[in-house]
Each structure stands twice: as C-alpha cells, then as structure tokens.
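One file, model-v5.csv, carrying CSV, N, CA and C atoms:
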chain,number,residue,atom,x,y,z
A,650,MET,N,0.8,-1.2,0.0
A,650,MET,CA,0.0,0.0,0.0
A,650,MET,C,0.9,1.3,0.0
A,651,LYS,N,1.9,1.2,0.8
A,651,LYS,CA,2.8,2.4,0.9
A,651,LYS,C,3.5,2.6,-0.4
A,652,LYS,N,3.9,1.5,-1.1
A,652,LYS,CA,4.6,1.7,-2.3
A,652,LYS,C,3.7,2.3,-3.4
A,653,ALA,N,2.5,1.8,-3.4
A,653,ALA,CA,1.5,2.3,-4.4
A,653,ALA,C,1.3,3.8,-4.2
A,654,LEU,N,1.1,4.2,-3.0
A,654,LEU,CA,0.9,5.6,-2.6
A,654,LEU,C,2.2,6.4,-3.0
A,655,PHE,N,3.3,5.9,-2.7
A,655,PHE,CA,4.6,6.6,-3.1
A,655,PHE,C,4.7,6.8,-4.6
A,656,LEU,N,4.4,5.7,-5.3
A,656,LEU,CA,4.5,5.7,-6.8
A,656,LEU,C,3.5,6.7,-7.4
A,657,SER,N,2.3,6.7,-6.8
A,657,SER,CA,1.3,7.7,-7.3
A,657,SER,C,1.7,9.1,-7.1
A,658,LEU,N,2.3,9.4,-5.9
A,658,LEU,CA,2.8,10.7,-5.6
A,658,LEU,C,3.9,11.1,-6.5
A,659,CYS,N,4.8,10.2,-6.8
A,659,CYS,CA,6.0,10.5,-7.7
A,659,CYS,C,5.4,10.8,-9.1
A,660,VAL,N,4.5,10.0,-9.6
A,660,VAL,CA,3.9,10.3,-11.0
A,660,VAL,C,3.2,11.6,-11.0
A,661,LEU,N,2.5,11.9,-9.9
A,661,LEU,CA,1.8,13.2,-9.9
A,661,LEU,C,2.8,14.4,-9.9
A,662,LEU,N,3.9,14.3,-9.1
A,662,LEU,CA,4.9,15.3,-9.0
A,662,LEU,C,5.6,15.5,-10.4
A,663,LEU,N,5.9,14.4,-11.0
A,663,LEU,CA,6.7,14.4,-12.2
A,663,LEU,C,5.8,15.0,-13.4
A,664,SER,N,4.5,14.8,-13.3
A,664,SER,CA,3.7,15.3,-14.4
A,664,SER,C,3.2,16.7,-14.1
A,665,GLY,N,3.7,17.2,-13.0
A,665,GLY,CA,3.2,18.6,-12.5
A,665,GLY,C,3.6,19.7,-13.4
A,666,CYS,N,4.6,19.6,-14.2
A,666,CYS,CA,5.0,20.7,-15.0
A,666,CYS,C,5.0,20.3,-16.5
A,667,ASN,N,4.3,19.2,-16.8
A,667,ASN,CA,4.3,18.7,-18.2
A,667,ASN,C,3.6,19.7,-19.2
A,668,GLU,N,2.5,20.4,-18.8
A,668,GLU,CA,1.9,21.3,-19.6
A,668,GLU,C,2.8,22.5,-20.0
A,669,GLU,N,3.5,23.0,-18.9
A,669,GLU,CA,4.4,24.1,-19.1
A,669,GLU,C,5.5,23.7,-20.0
A,670,LYS,N,6.1,22.5,-19.8
A,670,LYS,CA,7.2,22.0,-20.6
A,670,LYS,C,6.8,21.9,-22.0
A,671,THR,N,5.6,21.3,-22.3
A,671,THR,CA,5.1,21.2,-23.6
A,671,THR,C,4.9,22.5,-24.3
A,672,ALA,N,4.4,23.5,-23.6
A,672,ALA,CA,4.2,24.8,-24.2
A,672,ALA,C,5.5,25.5,-24.5
A,673,PHE,N,6.5,25.3,-23.6
A,673,PHE,CA,7.9,25.8,-23.9
A,673,PHE,C,8.5,25.1,-25.1
A,674,GLU,N,8.4,23.8,-25.2
A,674,GLU,CA,8.9,23.1,-26.4
A,674,GLU,C,8.2,23.6,-27.7
A,675,SER,N,6.9,23.8,-27.6
A,675,SER,CA,6.2,24.2,-28.8
A,675,SER,C,6.6,25.6,-29.2
A,676,ALA,N,6.8,26.5,-28.2
A,676,ALA,CA,7.3,27.9,-28.5
A,676,ALA,C,8.6,27.9,-29.1
A,677,VAL,N,9.5,27.0,-28.6
A,677,VAL,CA,10.9,27.0,-29.2
A,677,VAL,C,10.8,26.5,-30.6
A,678,LEU,N,10.1,25.4,-30.8
A,678,LEU,CA,10.0,24.8,-32.2
A,678,LEU,C,9.4,25.8,-33.2
A,679,GLU,N,8.3,26.5,-32.8
A,679,GLU,CA,7.7,27.5,-33.6
A,679,GLU,C,8.7,28.6,-33.9
A,680,ASN,N,9.5,29.1,-32.9
A,680,ASN,CA,10.5,30.1,-33.1
A,680,ASN,C,11.6,29.6,-34.1
A,681,MET,N,12.0,28.3,-34.0
A,681,MET,CA,13.0,27.8,-34.9
A,681,MET,C,12.5,27.7,-36.3
A,682,GLN,N,11.2,27.3,-36.5
A,682,GLN,CA,10.6,27.2,-37.8
A,682,GLN,C,10.6,28.5,-38.5
A,683,GLN,N,10.5,29.6,-37.8
A,683,GLN,CA,10.5,30.9,-38.4
A,683,GLN,C,11.9,31.6,-38.6
A,684,ASP,N,12.9,30.9,-38.1
A,684,ASP,CA,14.3,31.5,-38.1
A,684,ASP,C,14.9,31.4,-39.5
A,685,LYS,N,15.2,32.5,-40.1
A,685,LYS,CA,15.8,32.5,-41.4
A,685,LYS,C,17.2,31.9,-41.5
A,686,ASP,N,18.0,32.1,-40.4
A,686,ASP,CA,19.3,31.5,-40.4
A,686,ASP,C,19.3,30.0,-40.6
A,687,LEU,N,18.3,29.4,-40.0
A,687,LEU,CA,18.2,27.9,-40.1
A,687,LEU,C,17.9,27.5,-41.5
A,688,LYS,N,17.1,28.3,-42.2
A,688,LYS,CA,16.8,28.0,-43.6
A,688,LYS,C,18.0,28.2,-44.4
A,689,ASP,N,18.8,29.3,-44.1
A,689,ASP,CA,20.0,29.6,-44.9
A,689,ASP,C,21.0,28.5,-44.7
A,690,TYR,N,21.2,28.0,-43.5
A,690,TYR,CA,22.2,26.9,-43.2
A,690,TYR,C,21.6,25.5,-43.4
A,691,LYS,N,20.3,25.4,-43.8
A,691,LYS,CA,19.7,24.1,-44.0
A,691,LYS,C,19.7,23.3,-42.8
A,692,ILE,N,19.3,23.9,-41.6
A,692,ILE,CA,19.3,23.2,-40.4
A,692,ILE,C,17.8,22.8,-40.1
A,693,ASP,N,17.6,21.5,-39.7
A,693,ASP,CA,16.3,21.0,-39.4
A,693,ASP,C,15.8,21.7,-38.1
A,694,ALA,N,14.6,22.3,-38.2
A,694,ALA,CA,14.1,23.1,-37.1
A,694,ALA,C,13.8,22.2,-35.9
A,695,GLU,N,13.4,21.0,-36.0
A,695,GLU,CA,13.2,20.1,-34.9
A,695,GLU,C,14.5,19.8,-34.2
A,696,TYR,N,15.5,19.5,-35.0
A,696,TYR,CA,16.8,19.2,-34.4
A,696,TYR,C,17.4,20.4,-33.7
A,697,MET,N,17.2,21.5,-34.2
A,697,MET,CA,17.7,22.7,-33.6
A,697,MET,C,16.9,23.0,-32.3
A,698,ALA,N,15.6,22.8,-32.4
A,698,ALA,CA,14.7,23.1,-31.2
A,698,ALA,C,15.1,22.1,-30.1
A,699,SER,N,15.4,20.9,-30.4
A,699,SER,CA,15.9,19.9,-29.4
A,699,SER,C,17.1,20.4,-28.7
A,700,CYS,N,18.1,20.9,-29.5
A,700,CYS,CA,19.3,21.4,-28.9
A,700,CYS,C,19.1,22.6,-28.0
A,701,VAL,N,18.3,23.6,-28.5
A,701,VAL,CA,18.0,24.8,-27.7
A,701,VAL,C,17.3,24.4,-26.4
A,702,ILE,N,16.3,23.5,-26.5
A,702,ILE,CA,15.6,23.1,-25.3
A,702,ILE,C,16.5,22.5,-24.3
A,703,ASP,N,17.4,21.6,-24.7
A,703,ASP,CA,18.3,21.0,-23.8
A,703,ASP,C,19.2,22.0,-23.2
A,704,MET,N,19.8,22.9,-24.0
A,704,MET,CA,20.7,23.9,-23.5
A,704,MET,C,20.1,24.9,-22.5
A,705,THR,N,18.9,25.3,-22.9
A,705,THR,CA,18.2,26.3,-22.0
A,705,THR,C,17.7,25.6,-20.7
A,706,SER,N,17.1,24.4,-20.9
A,706,SER,CA,16.6,23.7,-19.7
A,706,SER,C,17.7,23.4,-18.7
A,707,GLY,N,18.9,23.2,-19.2
A,707,GLY,CA,20.0,22.9,-18.3
A,707,GLY,C,20.4,24.0,-17.4
A,708,LYS,N,19.9,25.2,-17.7
A,708,LYS,CA,20.2,26.4,-16.8
A,708,LYS,C,19.0,26.7,-15.9
A,709,MET,N,18.0,25.9,-15.9
A,709,MET,CA,16.9,26.1,-15.1
A,709,MET,C,17.1,25.4,-13.7
A,710,PRO,N,16.4,25.8,-12.7
A,710,PRO,CA,16.5,25.0,-11.4
A,710,PRO,C,15.9,23.7,-11.5
A,711,GLY,N,16.3,22.8,-10.7
A,711,GLY,CA,15.7,21.4,-10.7
A,711,GLY,C,16.7,20.5,-11.3
A,712,VAL,N,16.4,19.2,-11.0
A,712,VAL,CA,17.3,18.1,-11.4
A,712,VAL,C,17.0,17.6,-12.8
A,713,THR,N,15.7,17.4,-13.1
A,713,THR,CA,15.3,16.8,-14.3
A,713,THR,C,14.4,17.8,-15.0
A,714,SER,N,14.1,17.4,-16.3
A,714,SER,CA,13.2,18.3,-17.1
A,714,SER,C,11.7,18.3,-16.6
A,715,LEU,N,11.4,17.3,-15.8
A,715,LEU,CA,10.0,17.2,-15.2
A,715,LEU,C,9.9,17.6,-13.8
A,716,ASP,N,11.0,18.2,-13.3
A,716,ASP,CA,11.0,18.7,-11.9
A,716,ASP,C,10.0,19.8,-11.7
A,717,PRO,N,9.0,19.7,-10.8
A,717,PRO,CA,8.0,20.7,-10.6
A,717,PRO,C,8.4,22.1,-10.4
A,718,ARG,N,9.7,22.2,-9.9
A,718,ARG,CA,10.2,23.6,-9.7
A,718,ARG,C,10.4,24.3,-11.0
A,719,ARG,N,10.5,23.6,-12.1
A,719,ARG,CA,10.8,24.2,-13.4
A,719,ARG,C,9.5,24.8,-14.0
A,720,ALA,N,8.3,24.4,-13.6
A,720,ALA,CA,7.1,24.8,-14.2
A,720,ALA,C,7.0,26.3,-14.4
A,721,PRO,N,7.2,27.1,-13.4
A,721,PRO,CA,7.1,28.6,-13.6
A,721,PRO,C,8.2,29.1,-14.6
A,722,TYR,N,9.4,28.4,-14.6
A,722,TYR,CA,10.4,28.8,-15.5
A,722,TYR,C,10.1,28.5,-17.0
A,723,TYR,N,9.5,27.3,-17.2
A,723,TYR,CA,9.1,27.0,-18.5
A,723,TYR,C,8.0,28.0,-19.0
A,724,ASP,N,7.1,28.4,-18.2
A,724,ASP,CA,6.1,29.3,-18.5
A,724,ASP,C,6.7,30.7,-18.8
A,725,ALA,N,7.6,31.1,-18.0
A,725,ALA,CA,8.3,32.4,-18.1
A,725,ALA,C,9.1,32.5,-19.4
A,726,TYR,N,9.8,31.4,-19.7
A,726,TYR,CA,10.6,31.3,-20.9
A,726,TYR,C,9.7,31.4,-22.2
A,727,THR,N,8.6,30.7,-22.1
A,727,THR,CA,7.6,30.7,-23.2
A,727,THR,C,7.1,32.1,-23.4
A,728,LYS,N,6.8,32.9,-22.4
A,728,LYS,CA,6.4,34.3,-22.5
A,728,LYS,C,7.5,35.1,-23.1
A,729,LEU,N,8.8,34.9,-22.7
A,729,LEU,CA,9.9,35.6,-23.2
A,729,LEU,C,10.1,35.4,-24.7
A,730,ILE,N,10.0,34.1,-25.1
A,730,ILE,CA,10.1,33.7,-26.5
A,730,ILE,C,9.1,34.5,-27.4
A,731,HIS,N,7.9,34.6,-26.8
A,731,HIS,CA,6.8,35.3,-27.6
A,731,HIS,C,6.8,36.8,-27.3
A,732,MET,N,7.7,37.4,-26.6
A,732,MET,CA,7.7,38.8,-26.2
A,732,MET,C,7.7,39.7,-27.4
A,733,ASN,N,8.4,39.3,-28.5
A,733,ASN,CA,8.4,40.2,-29.7
A,733,ASN,C,7.0,40.2,-30.4
A,734,ASP,N,6.2,39.2,-30.2
A,734,ASP,CA,4.9,39.2,-30.7
A,734,ASP,C,3.8,39.8,-29.8
A,735,SER,N,4.2,40.1,-28.6
A,735,SER,CA,3.3,40.6,-27.6
A,735,SER,C,2.8,42.0,-27.9
A,736,GLN,N,1.6,42.3,-27.6
A,736,GLN,CA,1.0,43.6,-27.8
A,736,GLN,C,1.6,44.6,-26.8
A,737,ASN,N,2.0,44.0,-25.6
A,737,ASN,CA,2.6,44.9,-24.5
A,737,ASN,C,3.8,44.2,-23.9
A,738,PRO,N,5.0,44.3,-24.5
A,738,PRO,CA,6.2,43.6,-24.0
A,738,PRO,C,6.6,44.0,-22.6
A,739,GLU,N,6.2,45.2,-22.2
A,739,GLU,CA,6.5,45.7,-20.8
A,739,GLU,C,5.8,44.8,-19.8
A,740,VAL,N,4.6,44.5,-20.1
A,740,VAL,CA,3.8,43.7,-19.2
A,740,VAL,C,4.4,42.2,-19.1
A,741,THR,N,4.8,41.7,-20.3
A,741,THR,CA,5.4,40.4,-20.3
A,741,THR,C,6.7,40.4,-19.5
A,742,LEU,N,7.5,41.4,-19.6
A,742,LEU,CA,8.7,41.5,-18.8
A,742,LEU,C,8.4,41.6,-17.4
A,743,THR,N,7.4,42.4,-17.0
A,743,THR,CA,7.0,42.5,-15.6
A,743,THR,C,6.5,41.1,-15.0
A,744,GLU,N,5.8,40.4,-15.8
A,744,GLU,CA,5.3,39.1,-15.4
A,744,GLU,C,6.4,38.1,-15.2
A,745,THR,N,7.3,38.1,-16.1
A,745,THR,CA,8.5,37.1,-16.0
A,745,THR,C,9.4,37.5,-14.9
A,746,ALA,N,9.5,38.8,-14.6
A,746,ALA,CA,10.4,39.3,-13.6
A,746,ALA,C,10.0,38.7,-12.2
A,747,LYS,N,8.7,38.4,-12.0
A,747,LYS,CA,8.2,37.8,-10.8
A,747,LYS,C,8.9,36.4,-10.6
A,748,VAL,N,9.1,35.7,-11.7
A,748,VAL,CA,9.6,34.3,-11.7
A,748,VAL,C,11.2,34.4,-11.5
A,749,PHE,N,11.8,35.3,-12.3
A,749,PHE,CA,13.3,35.4,-12.2
A,749,PHE,C,13.8,36.2,-11.1
A,750,GLY,N,13.0,37.0,-10.5
A,750,GLY,CA,13.4,37.8,-9.4
A,750,GLY,C,13.5,39.3,-9.6
A,751,SER,N,13.7,39.7,-10.9
A,751,SER,CA,13.8,41.1,-11.3
A,751,SER,C,13.7,41.2,-12.8
A,752,GLU,N,13.5,42.4,-13.3
A,752,GLU,CA,13.4,42.6,-14.8
A,752,GLU,C,14.8,42.3,-15.3
A,753,LYS,N,15.8,42.7,-14.6
A,753,LYS,CA,17.2,42.5,-15.1
A,753,LYS,C,17.5,41.0,-15.2
A,754,GLU,N,17.0,40.2,-14.3
A,754,GLU,CA,17.2,38.7,-14.3
A,754,GLU,C,16.4,38.1,-15.4
A,755,ALA,N,15.2,38.7,-15.7
A,755,ALA,CA,14.4,38.2,-16.8
A,755,ALA,C,15.1,38.4,-18.1
A,756,MET,N,15.7,39.6,-18.2
A,756,MET,CA,16.4,39.9,-19.5
A,756,MET,C,17.7,39.0,-19.6
A,757,LYS,N,18.3,38.6,-18.5
A,757,LYS,CA,19.4,37.7,-18.5
A,757,LYS,C,18.9,36.3,-19.0
A,758,ALA,N,17.7,35.9,-18.6
A,758,ALA,CA,17.1,34.7,-19.0
A,758,ALA,C,16.9,34.7,-20.5
A,759,TYR,N,16.4,35.8,-21.0
A,759,TYR,CA,16.2,36.0,-22.4
A,759,TYR,C,17.5,35.9,-23.2
A,760,LEU,N,18.5,36.4,-22.6
A,760,LEU,CA,19.9,36.4,-23.2
A,760,LEU,C,20.4,34.9,-23.2
A,761,THR,N,20.1,34.2,-22.1
A,761,THR,CA,20.4,32.8,-22.0
A,761,THR,C,19.8,32.0,-23.2
A,762,TYR,N,18.5,32.3,-23.4
A,762,TYR,CA,17.9,31.6,-24.5
A,762,TYR,C,18.5,32.0,-25.9
A,763,SER,N,18.8,33.3,-26.1
A,763,SER,CA,19.4,33.7,-27.3
A,763,SER,C,20.8,33.1,-27.5
A,764,GLU,N,21.6,33.0,-26.4
A,764,GLU,CA,22.9,32.3,-26.5
A,764,GLU,C,22.8,30.9,-26.8
A,765,SER,N,21.7,30.2,-26.3
A,765,SER,CA,21.5,28.8,-26.6
A,765,SER,C,21.2,28.6,-28.1
A,766,VAL,N,20.5,29.5,-28.6
A,766,VAL,CA,20.2,29.5,-30.1
A,766,VAL,C,21.5,29.6,-30.9
A,767,MET,N,22.3,30.6,-30.5
A,767,MET,CA,23.6,30.8,-31.2
A,767,MET,C,24.5,29.7,-31.0
A,768,ASN,N,24.6,29.2,-29.8
A,768,ASN,CA,25.5,28.1,-29.6
A,768,ASN,C,25.1,26.8,-30.3
A,769,CYS,N,23.8,26.6,-30.4
A,769,CYS,CA,23.3,25.4,-31.2
A,769,CYS,C,23.6,25.6,-32.7
A,770,ILE,N,23.4,26.8,-33.2
A,770,ILE,CA,23.6,27.0,-34.6
A,770,ILE,C,25.1,26.7,-34.9
A,771,THR,N,26.0,27.2,-34.1
A,771,THR,CA,27.4,27.0,-34.2
A,771,THR,C,27.8,25.5,-34.2
A,772,ALA,N,27.2,24.8,-33.2
A,772,ALA,CA,27.5,23.4,-33.0
A,772,ALA,C,27.0,22.6,-34.2
A,773,ILE,N,25.8,22.9,-34.6
A,773,ILE,CA,25.2,22.1,-35.7
A,773,ILE,C,25.9,22.3,-37.0
A,774,VAL,N,26.3,23.6,-37.3
A,774,VAL,CA,27.0,23.9,-38.5
A,774,VAL,C,28.4,23.2,-38.5
A,775,ALA,N,29.1,23.3,-37.3
A,775,ALA,CA,30.4,22.6,-37.2
A,775,ALA,C,30.2,21.1,-37.4
A,776,GLU,N,29.1,20.6,-36.9
A,776,GLU,CA,28.9,19.1,-37.0
A,776,GLU,C,28.8,18.7,-38.5
A,777,GLY,N,28.1,19.6,-39.2
A,777,GLY,CA,28.0,19.3,-40.7
A,777,GLY,C,29.2,19.4,-41.5
A,778,GLU,N,30.2,20.2,-41.0
A,778,GLU,CA,31.4,20.4,-41.6
A,778,GLU,C,32.4,19.3,-41.3
A,779,ALA,N,32.2,18.6,-40.3
A,779,ALA,CA,33.1,17.5,-39.8
A,779,ALA,C,33.1,16.3,-40.7
Target format structure tokens, applied to this file:
Amino acid sequence: MKKALFLSLCVLLLSGCNEEKTAFESAVLENMQQDKDLKDYKIDAEYMASCVIDMTSGKMPGVTSLDPRRAPYYDAYTKLIHMNDSQNPEVTLTETAKVFGSEKEAMKAYLTYSESVMNCITAIVAEGEA
C-alpha cells in the first residue's frame, strides 16, 4: 500500500510541469521554424529546437526536465520567447520578472535563450562540416 501511494505521488509530481514544458517546447519549435538563419544553413528546425531546449533547460532550477520547480520557468521562458509578438512587451517583462526575481534577471534569461540558439547553430554547422 505504501509503495503504491509513493509511486502515485511520484507520478503526480513528475507530471506537475508537463503542460508548461510542452508549451515551452512548442514555443521553441515555432521560433525555430521561423528562423531565417536555419533555412540559410539548411538546419532542421526540430533538431535545432531539441538542442535549444536541452541547453536552455540545463540552466533552469531542478534536477530533471520534469522537476515541478521548473514549471514557472518553462512558463516564463515561453512568454519571453513570444515577447516580440506581444502587444505589450513591458507587461510580459514584468510578469516574467516575478519568476526570475527582477526585470534584469528576466532579461538575462532571455539572453540565455538567445545564447542557446547561437551556440546550437554554431555546434550544428560545425557538426555538418566535420
């Protein structure tokens, strides 16, 4: 009985941020599909998105990608990715600042995402040249 309760609790905790993670992954993929550099370098958007997701997620709190502590970060990164499409980017920045601690930290998170994109492009292009 205790094992069943423990396993149920683990499954519940691990699925706690699944929606936010899926939304983040979709936002990254959508962003990569619109990226002109990827088309110029003939980089597969899904492959690139996977790289960016792994690199960006590695800088989030928590041990695994399904750690419930990551849920607000997945949500905040999703908002940051869509900030250029936002009707009111200042509001988006203010909302994400609550998660990251300040507007400055939210902008650092956006830079982390941008650096992940650039690092992945560099790595994938170098991979193709090898």
Query raised in the report: What is the distance, in Å and to one decimal place, between atom CA of Ser675 of chain A and atom CA of Thr727 of chain A?
Result: 8.7 Å
Query raised in the report: Of the candidates A:Leu742, A:Ala725, A:Met704, A:Val748, which shows the shortest atom-to-atom distance to Ser765 of chain A, using only N, CA and C atoms?
Result: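 Closest residue, counting only N, CA and C atoms: A:Met704.
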Requested in this report: Identify the residues around (10.3, 22.8, -12.3) within a radius of 8 Å, measuring from all atoms listed in the file in the coordinates stated by the file, and give them as a VMD selection string.
Outcome: chain A and resid 665 to 666 709 to 723
Query raised in the report: Could you pull out all residues of segment 722-762 of chain A with a DSSP call of alpha helix (DSSP H) and give them as number ranges by chain?
Result: A: 722-730, 738-749, 752-762
Just write the chosen residues, N, CA and C atoms, as a compact mmCIF listing (two decimals), in the frame of the given file.
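Dumped to out_6.txt:
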# COMPACT_ATOMS: atom_id res chain seq x y z
N TYR A 722 9.40 28.40 -14.60
CA TYR A 722 10.40 28.80 -15.50
C TYR A 722 10.10 28.50 -17.00
N TYR A 723 9.50 27.30 -17.20
CA TYR A 723 9.10 27.00 -18.50
C TYR A 723 8.00 28.00 -19.00
N ASP A 724 7.10 28.40 -18.20
CA ASP A 724 6.10 29.30 -18.50
C ASP A 724 6.70 30.70 -18.80
N ALA A 725 7.60 31.10 -18.00
CA ALA A 725 8.30 32.40 -18.10
C ALA A 725 9.10 32.50 -19.40
N TYR A 726 9.80 31.40 -19.70
CA TYR A 726 10.60 31.30 -20.90
C TYR A 726 9.70 31.40 -22.20
N THR A 727 8.60 30.70 -22.10
CA THR A 727 7.60 30.70 -23.20
C THR A 727 7.10 32.10 -23.40
N LYS A 728 6.80 32.90 -22.40
CA LYS A 728 6.40 34.30 -22.50
C LYS A 728 7.50 35.10 -23.10
N LEU A 729 8.80 34.90 -22.70
CA LEU A 729 9.90 35.60 -23.20
C LEU A 729 10.10 35.40 -24.70
N ILE A 730 10.00 34.10 -25.10
CA ILE A 730 10.10 33.70 -26.50
C ILE A 730 9.10 34.50 -27.40
N PRO A 738 5.00 44.30 -24.50
CA PRO A 738 6.20 43.60 -24.00
C PRO A 738 6.60 44.00 -22.60
N GLU A 739 6.20 45.20 -22.20
CA GLU A 739 6.50 45.70 -20.80
C GLU A 739 5.80 44.80 -19.80
N VAL A 740 4.60 44.50 -20.10
CA VAL A 740 3.80 43.70 -19.20
C VAL A 740 4.40 42.20 -19.10
N THR A 741 4.80 41.70 -20.30
CA THR A 741 5.40 40.40 -20.30
C THR A 741 6.70 40.40 -19.50
N LEU A 742 7.50 41.40 -19.60
CA LEU A 742 8.70 41.50 -18.80
C LEU A 742 8.40 41.60 -17.40
N THR A 743 7.40 42.40 -17.00
CA THR A 743 7.00 42.50 -15.60
C THR A 743 6.50 41.10 -15.00
N GLU A 744 5.80 40.40 -15.80
CA GLU A 744 5.30 39.10 -15.40
C GLU A 744 6.40 38.10 -15.20
N THR A 745 7.30 38.10 -16.10
CA THR A 745 8.50 37.10 -16.00
C THR A 745 9.40 37.50 -14.90
N ALA A 746 9.50 38.80 -14.60
CA ALA A 746 10.40 39.30 -13.60
C ALA A 746 10.00 38.70 -12.20
N LYS A 747 8.70 38.40 -12.00
CA LYS A 747 8.20 37.80 -10.80
C LYS A 747 8.90 36.40 -10.60
N VAL A 748 9.10 35.70 -11.70
CA VAL A 748 9.60 34.30 -11.70
C VAL A 748 11.20 34.40 -11.50
N PHE A 749 11.80 35.30 -12.30
CA PHE A 749 13.30 35.40 -12.20
C PHE A 749 13.80 36.20 -11.10
N GLU A 752 13.50 42.40 -13.30
CA GLU A 752 13.40 42.60 -14.80
C GLU A 752 14.80 42.30 -15.30
N LYS A 753 15.80 42.70 -14.60
CA LYS A 753 17.20 42.50 -15.10
C LYS A 753 17.50 41.00 -15.20
N GLU A 754 17.00 40.20 -14.30
CA GLU A 754 17.20 38.70 -14.30
C GLU A 754 16.40 38.10 -15.40
N ALA A 755 15.20 38.70 -15.70
CA ALA A 755 14.40 38.20 -16.80
C ALA A 755 15.10 38.40 -18.10
N MET A 756 15.70 39.60 -18.20
CA MET A 756 16.40 39.90 -19.50
C MET A 756 17.70 39.00 -19.60
N LYS A 757 18.30 38.60 -18.50
CA LYS A 757 19.40 37.70 -18.50
C LYS A 757 18.90 36.30 -19.00
N ALA A 758 17.70 35.90 -18.60
CA ALA A 758 17.10 34.70 -19.00
C ALA A 758 16.90 34.70 -20.50
N TYR A 759 16.40 35.80 -21.00
CA TYR A 759 16.20 36.00 -22.40
C TYR A 759 17.50 35.90 -23.20
N LEU A 760 18.50 36.40 -22.60
CA LEU A 760 19.90 36.40 -23.20
C LEU A 760 20.40 34.90 -23.20
N THR A 761 20.10 34.20 -22.10
CA THR A 761 20.40 32.80 -22.00
C THR A 761 19.80 32.00 -23.20
N TYR A 762 18.50 32.30 -23.40
CA TYR A 762 17.90 31.60 -24.50
C TYR A 762 18.50 32.00 -25.90
**Report entry** Between atom CA of Asp689 of chain A and atom CA of Ile770 of chain A, distance in Å (one decimal)
**Finding:**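 Distance reported for this atom pair: 11.2 Å.
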